[in-house]
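Asks: The structure is given below, and queries will be raised subsequently.
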Amino acid sequence: MNGQDDFRKKYSMNRRSFVTMVAAGAASTLIQGSAAAAEPAPKARNVVLVHGLFADGSSWSEVIPRLQAEGLNVTSVQNPLTTLPEAVASAERVLARQDGPTVLVGHSFSGMIVTEAGMHPNVSAVVYVAARAPDAGEDYATLAKTFPTPPASAGIVFDGDEGRLSEAAFLRDFAGDLPEAKAKVLYAVQEPFQKSLLAGKTTHAAWRSKPSFYAVSTEDRTINPDLERFMAKRMGAKTIEVKASHLSLISRPDEITRLILEAAGQRT
């Protein structure tokens, strides 16, 4: 059996095997990930938010005022969406400006950034919102293929090396639980990404050493919800499930804010 077959054997699972795995809780990767996540989150007054594909920093506009109302210092990173190292560097520059313990939060693709940049010494906890959560050196695309492909994938269109989501896919599969008028505004400001961004792999996994939190979007059509559950369980994250599209940070900001506050040691 070659290495690729070994990888497929390790990660291949259908819905039945996924449920069995969760019930048993015996997979070694889950055990390894749970120790750090089980620790209580240190109290933090800073929150750094990172957006994913098909969006910009304003995608956190519903969460930001809620966190600010709780007295937290909040910064939303403008992710360049060029290469993973450049995206990580943009987050690290913001993290370096924080004056103490900081919660690092990522939505969607930016879970890759959180996983890498979360190693920064200022980061006290990491939060994933319907986000990718790879292990160090893991090929996320290969992992994702062990689950049914979400509908939004078919809606990605490229102009050369620049990618974006079509309007139909954006409204139906990315922002499906938002009012159409609001979803169209978000579509109009989506930031294109470079194809090279998708080739990046993380070299560290912050969730193995930092308290970790995960919000699963149960109606997600951009990342398979069972893949989200798998990643959350593997890292031993404090996990909530939100009945929302991929954009739970906009359609269900109260739940997302509460999870971030818990990661900041502000709520139990």
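FYI, nothing fancy with the structure tokens labels: chains A, B, ... in order, residues from 1 per chain, ligands from 1 as they appear.
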Just want the 7 Å neighbourhood of stretch 245-254 of chain A, counted on only C-alpha atoms, with same-chain residues fewer than 2 positions away dropped. Output as JSON, numbers by chain.
Replies: {"A": [60, 62, 63, 130, 174, 175, 176, 177, 178, 217, 219, 220, 221, 222, 256, 257, 258]}
Asks: Restricting the output to N, CA and C atoms, write the selected residues as a PDB file, in the first residue's frame.
Replies:
```pdb
ATOM      1  N   TRP A  60     -17.151  40.877   9.058  1.00  0.00           N
ATOM      2  CA  TRP A  60     -17.299  40.781  10.512  1.00  0.00           C
ATOM      3  C   TRP A  60     -18.114  41.943  11.090  1.00  0.00           C
ATOM      4  N   GLU A  62     -21.164  42.526  11.731  1.00  0.00           N
ATOM      5  CA  GLU A  62     -22.202  42.256  12.733  1.00  0.00           C
ATOM      6  C   GLU A  62     -21.598  41.833  14.071  1.00  0.00           C
ATOM      7  N   VAL A  63     -20.441  41.223  14.037  1.00  0.00           N
ATOM      8  CA  VAL A  63     -19.794  40.732  15.257  1.00  0.00           C
ATOM      9  C   VAL A  63     -19.004  41.840  15.953  1.00  0.00           C
ATOM     10  N   ALA A 130     -17.011  28.046  10.998  1.00  0.00           N
ATOM     11  CA  ALA A 130     -17.221  27.327   9.735  1.00  0.00           C
ATOM     12  C   ALA A 130     -15.939  27.368   8.899  1.00  0.00           C
ATOM     13  N   PHE A 174     -23.499  30.347  -0.493  1.00  0.00           N
ATOM     14  CA  PHE A 174     -22.588  31.023   0.424  1.00  0.00           C
ATOM     15  C   PHE A 174     -23.361  31.820   1.464  1.00  0.00           C
ATOM     16  N   ALA A 175     -24.383  32.540   1.021  1.00  0.00           N
ATOM     17  CA  ALA A 175     -25.152  33.433   1.892  1.00  0.00           C
ATOM     18  C   ALA A 175     -26.635  33.083   1.846  1.00  0.00           C
ATOM     19  N   GLY A 176     -26.935  31.802   1.830  1.00  0.00           N
ATOM     20  CA  GLY A 176     -28.304  31.348   1.577  1.00  0.00           C
ATOM     21  C   GLY A 176     -29.337  31.733   2.610  1.00  0.00           C
ATOM     22  N   ASP A 177     -28.929  32.072   3.828  1.00  0.00           N
ATOM     23  CA  ASP A 177     -29.923  32.436   4.840  1.00  0.00           C
ATOM     24  C   ASP A 177     -29.967  33.936   5.101  1.00  0.00           C
ATOM     25  N   LEU A 178     -29.387  34.720   4.209  1.00  0.00           N
ATOM     26  CA  LEU A 178     -29.449  36.176   4.337  1.00  0.00           C
ATOM     27  C   LEU A 178     -30.503  36.744   3.396  1.00  0.00           C
ATOM     28  N   SER A 217     -21.530  25.383  11.121  1.00  0.00           N
ATOM     29  CA  SER A 217     -22.747  25.851  10.449  1.00  0.00           C
ATOM     30  C   SER A 217     -23.482  24.626   9.899  1.00  0.00           C
ATOM     31  N   GLU A 219     -26.163  24.273   8.168  1.00  0.00           N
ATOM     32  CA  GLU A 219     -26.751  24.377   6.830  1.00  0.00           C
ATOM     33  C   GLU A 219     -25.710  24.815   5.798  1.00  0.00           C
ATOM     34  N   ASP A 220     -24.465  24.591   6.094  1.00  0.00           N
ATOM     35  CA  ASP A 220     -23.369  25.082   5.250  1.00  0.00           C
ATOM     36  C   ASP A 220     -23.352  24.377   3.896  1.00  0.00           C
ATOM     37  N   ARG A 221     -23.254  25.177   2.823  1.00  0.00           N
ATOM     38  CA  ARG A 221     -23.153  24.645   1.462  1.00  0.00           C
ATOM     39  C   ARG A 221     -21.815  25.047   0.818  1.00  0.00           C
ATOM     40  N   THR A 222     -20.898  25.557   1.652  1.00  0.00           N
ATOM     41  CA  THR A 222     -19.564  25.947   1.186  1.00  0.00           C
ATOM     42  C   THR A 222     -18.495  25.005   1.740  1.00  0.00           C
ATOM     43  N   ILE A 256     -22.133  33.613  17.519  1.00  0.00           N
ATOM     44  CA  ILE A 256     -20.705  33.681  17.228  1.00  0.00           C
ATOM     45  C   ILE A 256     -20.004  34.586  18.242  1.00  0.00           C
ATOM     46  N   THR A 257     -20.629  35.698  18.586  1.00  0.00           N
ATOM     47  CA  THR A 257     -20.049  36.608  19.578  1.00  0.00           C
ATOM     48  C   THR A 257     -19.900  35.921  20.922  1.00  0.00           C
ATOM     49  N   ARG A 258     -20.907  35.173  21.343  1.00  0.00           N
ATOM     50  CA  ARG A 258     -20.825  34.484  22.640  1.00  0.00           C
ATOM     51  C   ARG A 258     -19.653  33.500  22.670  1.00  0.00           C
TER      52      ARG A 258
END
```
Asks: Among stretch 41-208 of chain A, which ones does DSSP assign to alpha helix (DSSP H) (computed from the backbone)? Answer as a PyMOL selection string.
Replies: chain A and resi 64-69+84-96+111-117+140-144+167-169+180-188
Asks: For atom CA of A:Gly265 and atom CA of A:Pro40, determine how far apart the two atoms are, in Å to one decimal place.
Replies: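 Taking atom CA of A:Gly265 as the start and atom CA of A:Pro40 as the end point, the length is 7.7 Å.
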Asks: Ranking A:Val50, A:Leu261, A:Ala96, A:Met119 by minimum distance to A:Ala206 and counting only C-alpha atoms, which one comes first?
Replies: A:Met119
Asks: Might you pull out every residue within 12 Å of A:Gln98, with only C-alpha atoms counted and same-chain residues fewer than 4 positions away left off, and present them as a list in words?
Replies: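 Using only C-alpha atoms, the neighbours found are Ala44, Arg45, Asn46, Val47, Val48, Leu72, Asn73, Val74, Thr75, Ala91, Glu92, Arg93, Val94, Thr102, Val103, Leu104, His120, Pro121, Asn122, Val123 and Ser124 of chain A.
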Asks: Would you work out the distance separating atom CA of A:Thr202 from atom CA of A:Leu259, expressed in Å to one decimal?
Replies: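 Taking atom CA of A:Thr202 and atom CA of A:Leu259, their separation equals 24.5 Å.
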Asks: Please report as a tab-separated table every residue of stretch 36-64 of chain A lying within 12 Å of stretch 187-200 of chain A, along with the nearest atom pair and their distance in Å (one decimal), using only C-alpha atoms.
Replies:
```
residue	atom	partner	partner_atom	distance
A:His51	CA	A:Glu191	CA	10.1
A:Gly52	CA	A:Glu191	CA	9.2
A:Leu53	CA	A:Phe193	CA	6.7
A:Phe54	CA	A:Gln190	CA	4.7
A:Ala55	CA	A:Gln190	CA	4.4
A:Asp56	CA	A:Glu191	CA	5.8
A:Gly57	CA	A:Glu191	CA	9.4
A:Ser58	CA	A:Val189	CA	9.0
A:Ser59	CA	A:Gln190	CA	9.3
```
Asks: Export, as a PDB file, in the first residue's frame, the selected residues with all heavy atoms.
Replies:
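Writing done, so here's result_3.pdb:
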```pdb
ATOM      1  N   HIS A  51     -10.939  37.247   7.714  1.00  0.00           N
ATOM      2  CA  HIS A  51     -11.969  36.800   6.771  1.00  0.00           C
ATOM      3  C   HIS A  51     -11.407  35.759   5.810  1.00  0.00           C
ATOM      4  O   HIS A  51     -10.197  35.588   5.659  1.00  0.00           O
ATOM      5  CB  HIS A  51     -12.543  37.983   5.983  1.00  0.00           C
ATOM      6  CG  HIS A  51     -11.576  38.598   5.009  1.00  0.00           C
ATOM      7  ND1 HIS A  51     -11.409  38.130   3.723  1.00  0.00           N
ATOM      8  CD2 HIS A  51     -10.720  39.654   5.134  1.00  0.00           C
ATOM      9  CE1 HIS A  51     -10.509  38.858   3.093  1.00  0.00           C
ATOM     10  NE2 HIS A  51     -10.071  39.793   3.930  1.00  0.00           N
ATOM     11  N   GLY A  52     -12.322  35.063   5.124  1.00  0.00           N
ATOM     12  CA  GLY A  52     -11.929  34.033   4.183  1.00  0.00           C
ATOM     13  C   GLY A  52     -12.129  34.443   2.743  1.00  0.00           C
ATOM     14  O   GLY A  52     -12.123  35.640   2.403  1.00  0.00           O
ATOM     15  N   LEU A  53     -12.317  33.437   1.880  1.00  0.00           N
ATOM     16  CA  LEU A  53     -12.541  33.702   0.464  1.00  0.00           C
ATOM     17  C   LEU A  53     -13.908  34.345   0.243  1.00  0.00           C
ATOM     18  O   LEU A  53     -14.812  34.218   1.067  1.00  0.00           O
ATOM     19  CB  LEU A  53     -12.479  32.398  -0.337  1.00  0.00           C
ATOM     20  CG  LEU A  53     -11.217  31.544  -0.215  1.00  0.00           C
ATOM     21  CD1 LEU A  53     -11.306  30.345  -1.156  1.00  0.00           C
ATOM     22  CD2 LEU A  53      -9.969  32.358  -0.498  1.00  0.00           C
ATOM     23  N   PHE A  54     -14.039  35.024  -0.900  1.00  0.00           N
ATOM     24  CA  PHE A  54     -15.304  35.626  -1.347  1.00  0.00           C
ATOM     25  C   PHE A  54     -15.793  36.719  -0.394  1.00  0.00           C
ATOM     26  O   PHE A  54     -16.985  37.003  -0.320  1.00  0.00           O
ATOM     27  CB  PHE A  54     -16.408  34.562  -1.494  1.00  0.00           C
ATOM     28  CG  PHE A  54     -15.937  33.243  -2.014  1.00  0.00           C
ATOM     29  CD1 PHE A  54     -16.182  32.057  -1.317  1.00  0.00           C
ATOM     30  CD2 PHE A  54     -15.222  33.161  -3.206  1.00  0.00           C
ATOM     31  CE1 PHE A  54     -15.742  30.838  -1.798  1.00  0.00           C
ATOM     32  CE2 PHE A  54     -14.775  31.944  -3.698  1.00  0.00           C
ATOM     33  CZ  PHE A  54     -15.029  30.781  -2.987  1.00  0.00           C
ATOM     34  N   ALA A  55     -14.867  37.339   0.351  1.00  0.00           N
ATOM     35  CA  ALA A  55     -15.259  38.326   1.367  1.00  0.00           C
ATOM     36  C   ALA A  55     -14.118  39.311   1.581  1.00  0.00           C
ATOM     37  O   ALA A  55     -13.048  39.204   0.987  1.00  0.00           O
ATOM     38  CB  ALA A  55     -15.590  37.613   2.678  1.00  0.00           C
ATOM     39  N   ASP A  56     -14.368  40.290   2.443  1.00  0.00           N
ATOM     40  CA  ASP A  56     -13.314  41.178   2.919  1.00  0.00           C
ATOM     41  C   ASP A  56     -13.526  41.395   4.408  1.00  0.00           C
ATOM     42  O   ASP A  56     -14.369  40.743   5.025  1.00  0.00           O
ATOM     43  CB  ASP A  56     -13.280  42.497   2.127  1.00  0.00           C
ATOM     44  CG  ASP A  56     -14.521  43.362   2.328  1.00  0.00           C
ATOM     45  OD1 ASP A  56     -15.384  43.000   3.168  1.00  0.00           O
ATOM     46  OD2 ASP A  56     -14.643  44.392   1.653  1.00  0.00           O
ATOM     47  N   GLY A  57     -12.763  42.312   4.997  1.00  0.00           N
ATOM     48  CA  GLY A  57     -12.827  42.497   6.440  1.00  0.00           C
ATOM     49  C   GLY A  57     -14.180  42.934   6.962  1.00  0.00           C
ATOM     50  O   GLY A  57     -14.488  42.727   8.146  1.00  0.00           O
ATOM     51  N   SER A  58     -15.014  43.514   6.098  1.00  0.00           N
ATOM     52  CA  SER A  58     -16.336  43.969   6.541  1.00  0.00           C
ATOM     53  C   SER A  58     -17.289  42.813   6.810  1.00  0.00           C
ATOM     54  O   SER A  58     -18.387  43.029   7.343  1.00  0.00           O
ATOM     55  CB  SER A  58     -16.946  44.912   5.499  1.00  0.00           C
ATOM     56  OG  SER A  58     -17.244  44.218   4.298  1.00  0.00           O
ATOM     57  N   SER A  59     -16.896  41.593   6.468  1.00  0.00           N
ATOM     58  CA  SER A  59     -17.780  40.450   6.734  1.00  0.00           C
ATOM     59  C   SER A  59     -17.989  40.242   8.235  1.00  0.00           C
ATOM     60  O   SER A  59     -18.921  39.552   8.645  1.00  0.00           O
ATOM     61  CB  SER A  59     -17.213  39.172   6.111  1.00  0.00           C
ATOM     62  OG  SER A  59     -15.948  38.847   6.651  1.00  0.00           O
TER      63      SER A  59
END
```
Asks: If you measure from atom CA of A:Arg208 to atom CA of A:Glu86, what distance in Å do you get, rounded to one decimal?
Replies: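 According to the coordinates, atom CA of A:Arg208 and atom CA of A:Glu86 are separated by 22.7 Å.
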Asks: Given only C-alpha atoms as the basis, pick out the residue of A:Pro179, A:Pro211, A:Pro134, A:Gly155 nearest to A:Pro42.
Replies: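 For A:Pro42, the nearest of the candidates is A:Pro211.
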